[in-house]
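File shown here: input_0.cif, holding mmCIF, C-alpha atoms.
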data_target
#
loop_
_atom_site.label_atom_id
_atom_site.label_comp_id
_atom_site.auth_asym_id
_atom_site.auth_seq_id
_atom_site.Cartn_x
_atom_site.Cartn_y
_atom_site.Cartn_z
CA MET A 932 0.00 0.00 0.00
CA ILE A 933 1.26 3.43 -0.97
CA THR A 934 1.25 6.38 1.45
CA VAL A 935 0.75 9.95 0.21
CA ALA A 936 1.54 13.04 2.32
CA LEU A 937 -0.89 15.90 1.72
CA PRO A 938 -0.28 19.51 2.78
CA LYS A 939 -2.69 21.31 5.12
CA GLY A 940 -3.68 24.80 4.08
CA GLY A 941 -3.96 26.51 0.74
CA LEU A 942 -2.81 23.60 -1.44
CA LEU A 943 -5.11 20.96 0.08
CA LYS A 944 -8.19 21.29 -2.13
CA ASP A 945 -6.28 21.23 -5.41
CA SER A 946 -4.11 18.37 -4.11
CA ILE A 947 -7.18 16.28 -3.36
CA ARG A 948 -8.61 17.04 -6.81
CA LEU A 949 -5.36 16.03 -8.50
CA LEU A 950 -5.24 12.79 -6.53
CA GLN A 951 -8.87 12.10 -7.47
CA ASP A 952 -7.89 12.54 -11.13
CA ILE A 953 -5.33 9.75 -10.73
CA GLY A 954 -7.70 7.43 -8.88
CA LEU A 955 -7.02 8.18 -5.21
CA ASP A 956 -9.91 9.61 -3.21
CA PHE A 957 -8.90 11.51 -0.07
CA SER A 958 -11.85 13.91 -0.10
CA ALA A 959 -12.68 12.77 3.45
CA PHE A 960 -9.89 15.14 4.64
CA LEU A 961 -12.14 18.03 3.59
CA ASP A 962 -14.99 17.00 5.94
CA SER A 963 -14.82 19.63 8.61
CA GLY A 964 -16.07 17.05 11.09
CA THR A 965 -13.05 14.80 10.82
CA ARG A 966 -9.91 15.62 12.76
CA GLN A 967 -8.24 12.49 11.42
CA LEU A 968 -4.69 13.02 10.18
CA GLN A 969 -4.44 9.57 8.61
CA LEU A 970 -7.07 8.12 6.26
CA PRO A 971 -7.26 5.26 3.77
CA ASP A 972 -8.42 6.33 0.31
CA ALA A 973 -11.93 5.25 -0.63
CA SER A 974 -10.66 2.27 -2.69
CA GLY A 975 -8.34 1.02 0.07
CA LYS A 976 -5.33 1.14 -2.30
CA ALA A 977 -3.54 3.97 -0.55
CA LYS A 978 -3.21 5.86 2.71
CA GLY A 979 -3.24 9.63 3.10
CA LEU A 980 -1.32 11.57 5.71
CA LEU A 981 -2.45 15.14 6.37
CA VAL A 982 0.47 17.20 7.69
CA ARG A 983 1.77 20.77 7.65
CA ALA A 984 3.11 21.80 4.25
CA GLN A 985 6.63 22.11 5.67
CA ASP A 986 6.47 18.57 7.04
CA VAL A 987 5.45 16.91 3.75
CA PRO A 988 9.06 16.64 2.50
CA VAL A 989 10.18 15.33 5.91
CA TYR A 990 7.74 12.41 5.75
CA VAL A 991 8.75 11.75 2.14
CA GLU A 992 12.49 12.04 2.78
CA TYR A 993 12.31 9.47 5.59
CA GLY A 994 10.18 7.15 3.43
CA GLN A 995 7.21 7.30 5.77
CA ALA A 996 5.26 8.61 2.80
CA HIS A 997 6.09 7.37 -0.70
CA LEU A 998 4.61 10.37 -2.47
CA GLY A 999 3.84 13.91 -1.38
CA ILE A 1000 2.52 17.22 -2.65
CA VAL A 1001 4.22 20.43 -1.58
CA GLY A 1002 5.06 23.90 -2.85
CA TYR A 1003 8.34 24.46 -4.69
CA ASP A 1004 9.06 27.27 -2.20
CA VAL A 1005 9.31 24.73 0.65
CA LEU A 1006 11.59 22.47 -1.41
CA ARG A 1007 13.80 25.39 -2.35
CA GLU A 1008 14.10 26.56 1.27
CA LYS A 1009 14.59 23.18 2.99
CA LYS A 1010 16.41 21.26 0.23
CA PRO A 1011 15.15 17.82 1.34
CA SER A 1012 16.53 14.69 -0.37
CA VAL A 1013 13.42 13.83 -2.34
CA ALA A 1014 12.73 13.17 -6.01
CA HIS A 1015 10.99 16.09 -7.76
CA LEU A 1016 8.58 14.47 -10.21
CA VAL A 1017 5.81 16.66 -11.60
CA ASP A 1018 5.05 20.38 -11.65
CA LEU A 1019 1.35 20.31 -10.76
CA LYS A 1020 0.81 23.91 -11.97
CA PHE A 1021 -1.53 24.93 -9.13
CA GLY A 1022 -0.68 26.98 -6.04
CA TYR A 1023 1.13 29.73 -7.92
CA CYS A 1024 3.02 32.27 -5.85
CA ARG A 1025 6.40 33.98 -5.93
CA LEU A 1026 9.15 34.78 -3.46
CA SER A 1027 9.82 38.48 -3.60
CA VAL A 1028 11.73 41.31 -1.97
CA ALA A 1029 9.41 44.03 -0.68
CA VAL A 1030 10.03 47.38 0.96
CA LYS A 1031 7.97 50.30 2.23
CA GLU A 1032 6.35 52.13 -0.63
CA SER A 1033 7.49 55.37 1.00
CA SER A 1034 11.14 54.31 0.96
CA SER A 1035 13.57 55.20 -1.80
CA TYR A 1036 14.48 51.56 -2.56
CA ARG A 1037 13.33 50.41 -5.98
CA SER A 1038 15.71 47.47 -6.53
CA ALA A 1039 17.57 45.07 -4.24
CA LEU A 1040 20.86 46.84 -4.98
CA ASP A 1041 19.40 50.09 -3.64
CA LEU A 1042 19.26 48.51 -0.18
CA PRO A 1043 22.00 49.64 2.20
CA ALA A 1044 24.94 47.32 2.74
CA ASN A 1045 24.68 45.73 6.19
CA GLY A 1046 20.97 46.47 6.18
CA ARG A 1047 18.43 44.05 7.56
CA VAL A 1048 16.02 41.76 5.74
CA ALA A 1049 13.28 39.88 7.63
CA SER A 1050 12.07 36.55 6.28
CA LYS A 1051 10.62 33.13 6.99
CA TYR A 1052 12.73 31.94 4.04
CA VAL A 1053 16.12 32.56 5.61
CA ASN A 1054 18.07 30.23 3.33
CA CYS A 1055 16.52 31.56 0.12
CA ALA A 1056 17.02 35.14 1.29
CA ARG A 1057 20.64 34.54 2.28
CA GLU A 1058 21.50 32.87 -1.04
CA TYR A 1059 19.84 35.65 -3.00
CA PHE A 1060 21.73 38.49 -1.33
CA GLN A 1061 24.97 36.53 -1.50
CA SER A 1062 24.43 36.16 -5.25
CA LEU A 1063 24.20 39.95 -5.42
CA ASP A 1064 27.32 40.37 -3.28
CA LEU A 1065 25.27 42.56 -0.99
CA PRO A 1066 25.99 41.82 2.68
CA VAL A 1067 22.76 41.99 4.69
CA GLU A 1068 21.65 40.60 8.01
CA ILE A 1069 18.78 38.13 7.69
CA ILE A 1070 16.27 38.35 10.57
CA PRO A 1071 14.30 35.14 11.00
CA LEU A 1072 10.61 35.81 11.64
CA SER A 1073 8.01 33.05 11.76
CA GLY A 1074 4.89 35.09 10.99
CA SER A 1075 3.58 38.53 9.96
CA VAL A 1076 6.82 39.26 8.12
CA GLU A 1077 5.18 42.37 6.66
CA LEU A 1078 5.63 43.95 10.10
CA GLY A 1079 9.40 44.07 9.45
CA PRO A 1080 9.64 47.40 7.62
CA ILE A 1081 6.62 48.81 9.49
CA THR A 1082 8.19 48.34 12.92
CA GLY A 1083 11.59 49.26 11.54
CA ILE A 1084 13.28 45.97 12.48
CA SER A 1085 14.32 45.63 8.82
CA GLU A 1086 14.57 47.70 5.64
CA ALA A 1087 13.11 44.93 3.51
CA ILE A 1088 11.43 41.54 3.63
CA VAL A 1089 11.68 38.42 1.52
CA ASP A 1090 8.28 36.79 1.49
CA ILE A 1091 5.73 34.82 -0.51
CA VAL A 1092 3.43 36.97 -2.61
CA SER A 1093 0.39 35.62 -4.41
CA THR A 1094 -2.14 38.38 -5.07
CA GLY A 1095 -0.08 41.15 -3.48
CA ARG A 1096 -2.97 42.24 -1.29
CA THR A 1097 -1.14 41.79 2.04
CA LEU A 1098 1.74 43.92 0.78
CA HIS A 1099 -0.63 46.61 -0.44
CA GLU A 1100 -2.61 46.68 2.81
CA ASN A 1101 0.63 47.23 4.69
CA GLY A 1102 1.99 49.98 2.45
CA LEU A 1103 4.69 47.75 0.96
CA ILE A 1104 5.75 47.22 -2.65
CA GLU A 1105 7.47 44.36 -4.40
CA ILE A 1106 10.82 45.37 -5.88
CA GLU A 1107 12.37 42.03 -6.90
CA ARG A 1108 11.20 38.49 -7.65
CA LEU A 1109 13.50 35.67 -6.54
CA TYR A 1110 11.53 32.82 -8.13
CA GLU A 1111 8.05 31.55 -8.87
CA SER A 1112 6.55 28.58 -7.07
CA THR A 1113 3.84 26.01 -7.82
CA ALA A 1114 2.87 22.71 -6.19
CA ARG A 1115 5.09 19.70 -6.93
CA LEU A 1116 4.61 15.95 -6.75
CA ILE A 1117 7.60 14.49 -4.91
CA ALA A 1118 8.66 10.94 -4.06
CA HIS A 1119 10.92 9.07 -1.67
CA PRO A 1120 13.92 8.39 -3.94
CA LEU A 1121 14.39 4.70 -3.12
CA SER A 1122 10.66 3.91 -3.30
CA TYR A 1123 10.59 5.69 -6.65
CA ARG A 1124 13.51 3.64 -8.00
CA LEU A 1125 11.91 0.42 -6.78
CA ASN A 1126 8.50 1.47 -8.13
CA VAL A 1127 6.84 0.71 -4.77
CA GLY A 1128 3.09 0.16 -5.09
CA ASN A 1129 3.44 0.63 -8.87
CA MET A 1130 3.81 4.35 -8.31
CA ASP A 1131 5.04 4.83 -11.89
CA GLU A 1132 1.48 4.40 -13.07
CA LEU A 1133 0.20 7.06 -10.63
CA ILE A 1134 2.96 9.44 -11.72
CA SER A 1135 2.14 8.94 -15.42
CA LYS A 1136 -1.50 9.60 -14.68
CA ALA A 1137 -0.56 12.77 -12.81
CA ARG A 1138 1.56 13.99 -15.76
CA HIS A 1139 -1.34 13.24 -18.07
CA ALA A 1140 -3.89 14.98 -15.82
CA ILE A 1141 -1.72 18.11 -15.81
CA THR A 1142 -1.34 18.14 -19.60
CA VAL A 1143 -5.07 17.66 -20.13
CA GLY A 1144 -5.91 20.26 -17.47
CA ALA A 1145 -3.58 22.76 -19.13
CA GLY A 1146 -4.78 21.98 -22.69
CA MET B 404 7.86 55.63 24.64
CA ILE B 405 8.39 52.02 25.52
CA THR B 406 7.46 49.18 23.14
CA VAL B 407 6.26 45.81 24.45
CA ALA B 408 6.09 42.65 22.30
CA LEU B 409 3.12 40.43 23.19
CA PRO B 410 2.76 36.80 22.09
CA LYS B 411 -0.21 35.65 20.03
CA GLY B 412 -1.90 32.47 21.20
CA GLY B 413 -2.25 30.83 24.58
CA LEU B 414 -0.25 33.37 26.60
CA LEU B 415 -1.98 36.48 25.29
CA LYS B 416 -4.83 36.85 27.78
CA ASP B 417 -2.65 36.42 30.86
CA SER B 418 -0.01 38.71 29.33
CA ILE B 419 -2.56 41.46 28.85
CA ARG B 420 -3.79 41.02 32.44
CA LEU B 421 -0.25 41.23 33.80
CA LEU B 422 0.44 44.38 31.79
CA GLN B 423 -2.81 45.88 33.08
CA ASP B 424 -1.60 45.18 36.62
CA ILE B 425 1.48 47.28 35.94
CA GLY B 426 -0.45 50.11 34.30
CA LEU B 427 -0.32 49.28 30.58
CA ASP B 428 -3.63 48.58 28.90
CA PHE B 429 -3.40 46.53 25.70
CA SER B 430 -6.81 44.89 26.03
CA ALA B 431 -7.71 46.24 22.56
CA PHE B 432 -5.68 43.31 21.15
CA LEU B 433 -8.43 41.01 22.44
CA ASP B 434 -11.17 42.67 20.36
CA SER B 435 -11.89 40.12 17.70
CA GLY B 436 -12.76 42.95 15.34
CA THR B 437 -9.27 44.44 15.31
CA ARG B 438 -6.60 42.95 13.07
CA GLN B 439 -4.13 45.57 14.23
CA LEU B 440 -0.69 44.22 15.12
CA GLN B 441 0.52 47.51 16.61
CA LEU B 442 -1.45 49.50 19.18
CA PRO B 443 -0.74 52.29 21.65
CA ASP B 444 -1.78 51.46 25.22
CA ALA B 445 -4.82 53.31 26.48
CA SER B 446 -2.71 55.89 28.36
CA GLY B 447 -0.42 56.59 25.39
CA LYS B 448 2.68 55.75 27.48
CA ALA B 449 3.60 52.62 25.57
CA LYS B 450 3.15 50.75 22.30
CA GLY B 451 2.20 47.09 21.97
CA LEU B 452 3.36 44.79 19.19
CA LEU B 453 1.35 41.60 18.69
CA VAL B 454 3.55 38.92 17.12
CA ARG B 455 3.98 35.15 17.08
CA ALA B 456 5.35 33.81 20.34
CA GLN B 457 8.55 32.69 18.60
CA ASP B 458 9.10 36.17 17.20
CA VAL B 459 8.82 37.98 20.56
CA PRO B 460 12.50 37.40 21.45
CA VAL B 461 13.55 38.43 17.93
CA TYR B 462 11.90 41.84 18.29
CA VAL B 463 13.39 42.20 21.78
CA GLU B 464 16.88 41.04 20.78
CA TYR B 465 17.02 43.61 17.97
CA GLY B 466 15.73 46.34 20.30
CA GLN B 467 12.59 46.93 18.25
CA ALA B 468 10.68 46.08 21.43
CA HIS B 469 12.12 47.06 24.82
CA LEU B 470 10.15 44.46 26.76
CA GLY B 471 8.48 41.21 25.79
CA ILE B 472 6.54 38.29 27.21
CA VAL B 473 7.32 34.78 26.02
CA GLY B 474 7.42 31.19 27.25
CA TYR B 475 10.64 29.87 28.76
CA ASP B 476 10.44 27.00 26.24
CA VAL B 477 10.99 29.44 23.36
CA LEU B 478 13.94 31.09 25.17
CA ARG B 479 15.48 27.71 25.91
CA GLU B 480 15.13 26.54 22.31
CA LYS B 481 16.25 29.72 20.51
CA LYS B 482 18.73 31.14 23.06
CA PRO B 483 18.23 34.78 22.04
CA SER B 484 20.46 37.47 23.57
CA VAL B 485 17.84 39.03 25.81
CA ALA B 486 17.69 39.78 29.53
CA HIS B 487 15.47 37.35 31.46
CA LEU B 488 13.77 39.46 34.12
CA VAL B 489 10.71 37.95 35.80
CA ASP B 490 9.10 34.52 35.96
CA LEU B 491 5.46 35.47 35.44
CA LYS B 492 4.20 32.09 36.73
CA PHE B 493 1.41 31.67 34.16
CA GLY B 494 1.44 29.51 31.02
CA TYR B 495 2.73 26.40 32.74
CA CYS B 496 3.76 23.51 30.53
CA ARG B 497 6.65 21.07 30.31
CA LEU B 498 8.88 19.69 27.59
CA SER B 499 8.65 15.91 27.71
CA VAL B 500 9.67 12.74 25.95
CA ALA B 501 6.66 10.65 24.93
CA VAL B 502 6.31 7.25 23.28
CA LYS B 503 3.51 4.93 22.23
CA GLU B 504 1.78 3.50 25.26
CA SER B 505 1.95 0.09 23.57
CA SER B 506 5.76 0.27 23.25
CA SER B 507 8.17 -1.21 25.78
CA TYR B 508 9.96 2.11 26.40
CA ARG B 509 9.47 3.46 29.89
CA SER B 510 12.51 5.76 30.17
CA ALA B 511 14.66 7.69 27.67
CA LEU B 512 17.49 5.18 28.11
CA ASP B 513 15.18 2.37 26.97
CA LEU B 514 15.09 3.98 23.52
CA PRO B 515 17.22 2.26 20.89
CA ALA B 516 20.59 3.83 20.05
CA ASN B 517 20.35 5.48 16.61
CA GLY B 518 16.59 5.62 17.00
CA ARG B 519 14.57 8.58 15.84
CA VAL B 520 12.96 11.35 17.86
CA ALA B 521 10.57 13.84 16.22
CA SER B 522 10.32 17.35 17.64
CA LYS B 523 9.66 21.02 17.03
CA TYR B 524 12.27 21.66 19.75
CA VAL B 525 15.24 20.27 17.86
CA ASN B 526 17.90 22.06 19.92
CA CYS B 527 16.41 21.10 23.28
CA ALA B 528 15.93 17.50 22.11
CA ARG B 529 19.48 17.25 20.76
CA GLU B 530 21.01 18.64 23.96
CA TYR B 531 18.95 16.31 26.11
CA PHE B 532 19.93 13.13 24.29
CA GLN B 533 23.56 14.26 24.12
CA SER B 534 23.50 14.71 27.90
CA LEU B 535 22.37 11.07 28.15
CA ASP B 536 25.09 9.97 25.70
CA LEU B 537 22.36 8.34 23.65
CA PRO B 538 22.88 8.93 19.93
CA VAL B 539 19.52 9.53 18.26
CA GLU B 540 18.47 11.19 15.04
CA ILE B 541 16.29 14.26 15.60
CA ILE B 542 13.56 14.67 13.00
CA PRO B 543 12.37 18.27 12.69
CA LEU B 544 8.58 18.50 12.42
CA SER B 545 6.70 21.78 12.52
CA GLY B 546 3.28 20.51 13.61
CA SER B 547 1.29 17.48 14.82
CA VAL B 548 4.42 15.99 16.34
CA GLU B 549 2.26 13.32 18.00
CA LEU B 550 1.98 11.73 14.54
CA GLY B 551 5.66 10.71 14.82
CA PRO B 552 5.29 7.41 16.68
CA ILE B 553 1.85 6.77 15.11
CA THR B 554 3.14 6.91 11.54
CA GLY B 555 6.36 5.19 12.59
CA ILE B 556 8.68 7.99 11.46
CA SER B 557 10.10 8.04 15.00
CA GLU B 558 10.16 5.94 18.17
CA ALA B 559 9.62 8.94 20.41
CA ILE B 560 8.78 12.63 20.41
CA VAL B 561 9.98 15.59 22.44
CA ASP B 562 7.07 17.98 22.78
CA ILE B 563 5.28 20.46 24.99
CA VAL B 564 2.75 18.89 27.35
CA SER B 565 0.30 20.90 29.41
CA THR B 566 -2.73 18.81 30.34
CA GLY B 567 -1.55 15.63 28.59
CA ARG B 568 -4.82 15.28 26.71
CA THR B 569 -3.28 15.33 23.21
CA LEU B 570 -0.87 12.55 24.21
CA HIS B 571 -3.67 10.49 25.70
CA GLU B 572 -5.92 10.91 22.66
CA ASN B 573 -3.11 9.64 20.46
CA GLY B 574 -2.21 6.62 22.59
CA LEU B 575 1.07 8.15 23.78
CA ILE B 576 2.57 8.40 27.28
CA GLU B 577 5.07 10.76 28.81
CA ILE B 578 8.22 8.97 29.98
CA GLU B 579 10.61 11.85 30.80
CA ARG B 580 10.37 15.55 31.62
CA LEU B 581 13.18 17.74 30.26
CA TYR B 582 12.10 20.96 31.99
CA GLU B 583 9.09 23.01 33.04
CA SER B 584 8.17 26.25 31.36
CA THR B 585 6.23 29.38 32.32
CA ALA B 586 5.91 32.84 30.76
CA ARG B 587 8.84 35.23 31.25
CA LEU B 588 9.26 38.98 31.07
CA ILE B 589 12.30 39.73 28.95
CA ALA B 590 14.09 42.94 27.95
CA HIS B 591 16.47 44.26 25.34
CA PRO B 592 19.77 44.19 27.30
CA LEU B 593 21.01 47.67 26.41
CA SER B 594 17.60 49.31 26.93
CA TYR B 595 17.44 47.56 30.29
CA ARG B 596 20.85 48.86 31.33
CA LEU B 597 19.96 52.38 30.22
CA ASN B 598 16.54 52.14 31.92
CA VAL B 599 14.79 53.30 28.73
CA GLY B 600 11.31 54.70 29.41
CA ASN B 601 11.91 54.14 33.12
CA MET B 602 11.35 50.42 32.59
CA ASP B 603 12.78 49.63 36.04
CA GLU B 604 9.55 50.85 37.54
CA LEU B 605 7.45 48.62 35.29
CA ILE B 606 9.67 45.62 36.11
CA SER B 607 9.35 46.27 39.87
CA LYS B 608 5.61 46.49 39.51
CA ALA B 609 5.57 43.20 37.57
CA ARG B 610 7.64 41.50 40.32
CA HIS B 611 5.24 42.86 42.89
CA ALA B 612 2.13 41.79 40.94
CA ILE B 613 3.49 38.26 40.73
CA THR B 614 4.22 38.07 44.46
CA VAL B 615 0.80 39.38 45.34
CA GLY B 616 -0.85 37.07 42.84
CA ALA B 617 0.99 34.08 44.29
CA GLY B 618 0.37 35.11 47.92
#

Would you mind writing the file out in structure tokens?
Amino acid sequence: MITVALPKGGLLKDSIRLLQDIGLDFSAFLDSGTRQLQLPDASGKAKGLLVRAQDVPVYVEYGQAHLGIVGYDVLREKKPSVAHLVDLKFGYCRLSVAVKESSSYRSALDLPANGRVASKYVNCAREYFQSLDLPVEIIPLSGSVELGPITGISEAIVDIVSTGRTLHENGLIEIERLYESTARLIAHPLSYRLNVGNMDELISKARHAITVGAG
Amino acid sequence: MITVALPKGGLLKDSIRLLQDIGLDFSAFLDSGTRQLQLPDASGKAKGLLVRAQDVPVYVEYGQAHLGIVGYDVLREKKPSVAHLVDLKFGYCRLSVAVKESSSYRSALDLPANGRVASKYVNCAREYFQSLDLPVEIIPLSGSVELGPITGISEAIVDIVSTGRTLHENGLIEIERLYESTARLIAHPLSYRLNVGNMDELISKARHAITVGAG
């Protein structure tokens, strides 16, 4: 039996729809009544594990889940040893540098050397500013990163932007885009090589579902 | 004007009550209507910053908040450079090792060498097992840590326990206690030394409120 790790939060609905397209029904996770974090799929062929988005690659890396669905942003930040299989196209967002609209900064290189940048994505932020040869101090925040420039703890933030509404509501503007992110189907590398639970067939179906959906 | 960082979540109500006892009224943070993350206190003497519990010591370390309230567990895990001032006595919990009730493990030393331990508190967990000279692999999870032994990704977990209900509901039992935690009043070290905003008076009042409350 194959185990699939599903992400709580914004990607869950589309993940369940994609899995339904390839024959695995985990729609029971959407019943608000259930607090279950583990469920068999309706056909009994597979098991679903509902975990935080950040924990999906952990379960897959350790082989406790054979397949998982998670945003590229999480993979890029955590760099887990998992096989990246299919770009599922949903869950679009981007990692961007933002500053106060009232500031004079209009590109990353306008930021002061030895300035401060607040982010949940500390590794991505550090790599980006290193690639620019701009020495900055990265301040790790776990939530409400948009408070950074407002409180003055940092000149800029590196954060996920989807519609841009949060930035706008907080008087911030996007000045650089580090990369774009969508949901990805990932696998435990050894299970993938051994084709555990005939996962190749599921993966082919997922690739097909994406092509049809996009066509 | 002095700035105080308050933690979202379980410690917020008691934090606001404590601050009221020392003359700072941030009860507006409790209005469900307000999404404000920054508020002046009712008297205009101070400003409140409502942030995630984990971010409280970050704002205090960088001096963006002069005072903050946060659980000892967060201080112990993150080791920020802040001054620990007053044990506020509320928000009691403990960091514990738990295993499946059906397992044979009844103390940390029963765990297999090179076993796995899942935790959000990776630094505390690592230090604890090092102090026992028991080599284990720490698996960083960000939520639902109780799933660790249930899914089999780990033999044990290191997690916060307050009533023990979550453990019980998941068929887990506590076998060791690493330390107990309560809320702490912390300060930015330099601001504390310089007595910014006459914070000494506030700190004395907090010490007094705690003694009276406990008496």

For chain B, report every residue with an atom at most 8 Å from chain A (counting all atoms listed in the file), formatted as a PDB file with C-alpha atoms, in the frame of the given file.
ATOM      1  CA  VAL B 454       3.550  38.920  17.120  1.00  0.00           C
ATOM      2  CA  ARG B 455       3.980  35.150  17.080  1.00  0.00           C
ATOM      3  CA  GLN B 457       8.550  32.690  18.600  1.00  0.00           C
ATOM      4  CA  ASP B 458       9.100  36.170  17.200  1.00  0.00           C
ATOM      5  CA  VAL B 461      13.550  38.430  17.930  1.00  0.00           C
ATOM      6  CA  TYR B 462      11.900  41.840  18.290  1.00  0.00           C
ATOM      7  CA  TYR B 465      17.020  43.610  17.970  1.00  0.00           C
ATOM      8  CA  GLN B 467      12.590  46.930  18.250  1.00  0.00           C
ATOM      9  CA  ILE B 542      13.560  14.670  13.000  1.00  0.00           C
ATOM     10  CA  PRO B 543      12.370  18.270  12.690  1.00  0.00           C
ATOM     11  CA  LEU B 544       8.580  18.500  12.420  1.00  0.00           C
ATOM     12  CA  SER B 545       6.700  21.780  12.520  1.00  0.00           C
ATOM     13  CA  GLY B 546       3.280  20.510  13.610  1.00  0.00           C
ATOM     14  CA  SER B 547       1.290  17.480  14.820  1.00  0.00           C
ATOM     15  CA  THR B 554       3.140   6.910  11.540  1.00  0.00           C
ATOM     16  CA  GLY B 555       6.360   5.190  12.590  1.00  0.00           C
ATOM     17  CA  ILE B 556       8.680   7.990  11.460  1.00  0.00           C
TER      18      ILE B 556
END

Just say which residues the PyMOL selection byres ((chain B and resi 484) around 10) picks in this file, as an NGL selection string.
:B and (460-461 or 463-465 or 478 or 481-483 or 485-487 or 590-592)

Result set of the PyMOL selection byres ((chain A and resi 1136) around 12) on the coordinates above, as a ChimeraX atom specification
/A:949-955,1017,1019,1116,1129-1135,1137-1144

Leu1109 in chain A surroundings by only C-alpha atoms, 9 Å radius, close-in-sequence under 6 positions cut, as a PyMOL selection string
chain A and resi 1025-1028+1055-1056+1059+1089

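A straight line drawn from CA of Arg1047 in chain A to CA of Ser418 in chain B is 29.0 Å long.
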
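Put simply, CA of Asp1090 in chain A is 12.3 Å away from CA of Ile1069 in chain A.
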
Please enumerate the residues selected by the PyMOL selection byres ((chain B and resi 431) around 12) when evaluated against the supplied file, formatted as a ChimeraX atom specification.
/B:415-416,419-420,423,427-430,432-445,450-453

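Interatomic distance, CA of Ile1000 in chain A to CA of Gly975 in chain A: 19.7 Å.
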
May I have the residues within 8 Å of Tyr508 in chain B as a VMD selection string, using all atoms listed in the file and disregarding those fewer than 6 positions away in the same chain?
chain B and resid 502 514 578

Completed range 1056-1067 of chain A (N, CA and C atoms) as a PDB file, in the coordinates of the input:
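For reference, out-v1.pdb as written:
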ATOM      1  N   ALA A1056      16.649  33.726   1.202  1.00  0.00           N
ATOM      2  CA  ALA A1056      17.020  35.140   1.290  1.00  0.00           C
ATOM      3  C   ALA A1056      18.535  35.290   1.327  1.00  0.00           C
ATOM      4  N   ARG A1057      19.187  34.453   2.146  1.00  0.00           N
ATOM      5  CA  ARG A1057      20.640  34.540   2.280  1.00  0.00           C
ATOM      6  C   ARG A1057      21.319  34.273   0.934  1.00  0.00           C
ATOM      7  N   GLU A1058      20.894  33.209   0.258  1.00  0.00           N
ATOM      8  CA  GLU A1058      21.500  32.870  -1.040  1.00  0.00           C
ATOM      9  C   GLU A1058      21.312  33.998  -2.059  1.00  0.00           C
ATOM     10  N   TYR A1059      20.123  34.593  -2.032  1.00  0.00           N
ATOM     11  CA  TYR A1059      19.840  35.650  -3.000  1.00  0.00           C
ATOM     12  C   TYR A1059      20.774  36.845  -2.802  1.00  0.00           C
ATOM     13  N   PHE A1060      20.894  37.301  -1.555  1.00  0.00           N
ATOM     14  CA  PHE A1060      21.730  38.490  -1.330  1.00  0.00           C
ATOM     15  C   PHE A1060      23.217  38.174  -1.493  1.00  0.00           C
ATOM     16  N   GLN A1061      23.597  36.918  -1.218  1.00  0.00           N
ATOM     17  CA  GLN A1061      24.970  36.530  -1.500  1.00  0.00           C
ATOM     18  C   GLN A1061      25.236  36.577  -3.002  1.00  0.00           C
ATOM     19  N   SER A1062      24.249  36.158  -3.786  1.00  0.00           N
ATOM     20  CA  SER A1062      24.430  36.160  -5.250  1.00  0.00           C
ATOM     21  C   SER A1062      24.583  37.581  -5.778  1.00  0.00           C
ATOM     22  N   LEU A1063      24.059  38.544  -5.033  1.00  0.00           N
ATOM     23  CA  LEU A1063      24.200  39.950  -5.420  1.00  0.00           C
ATOM     24  C   LEU A1063      25.449  40.590  -4.832  1.00  0.00           C
ATOM     25  N   ASP A1064      26.170  39.822  -3.992  1.00  0.00           N
ATOM     26  CA  ASP A1064      27.320  40.370  -3.280  1.00  0.00           C
ATOM     27  C   ASP A1064      26.940  41.536  -2.377  1.00  0.00           C
ATOM     28  N   LEU A1065      25.722  41.502  -1.887  1.00  0.00           N
ATOM     29  CA  LEU A1065      25.270  42.560  -0.990  1.00  0.00           C
ATOM     30  C   LEU A1065      25.156  41.975   0.425  1.00  0.00           C
ATOM     31  N   PRO A1066      26.042  42.383   1.324  1.00  0.00           N
ATOM     32  CA  PRO A1066      25.990  41.820   2.680  1.00  0.00           C
ATOM     33  C   PRO A1066      24.821  42.399   3.462  1.00  0.00           C
ATOM     34  N   VAL A1067      23.878  41.545   3.858  1.00  0.00           N
ATOM     35  CA  VAL A1067      22.760  41.990   4.690  1.00  0.00           C
ATOM     36  C   VAL A1067      22.605  41.020   5.856  1.00  0.00           C
TER      37      VAL A1067
END
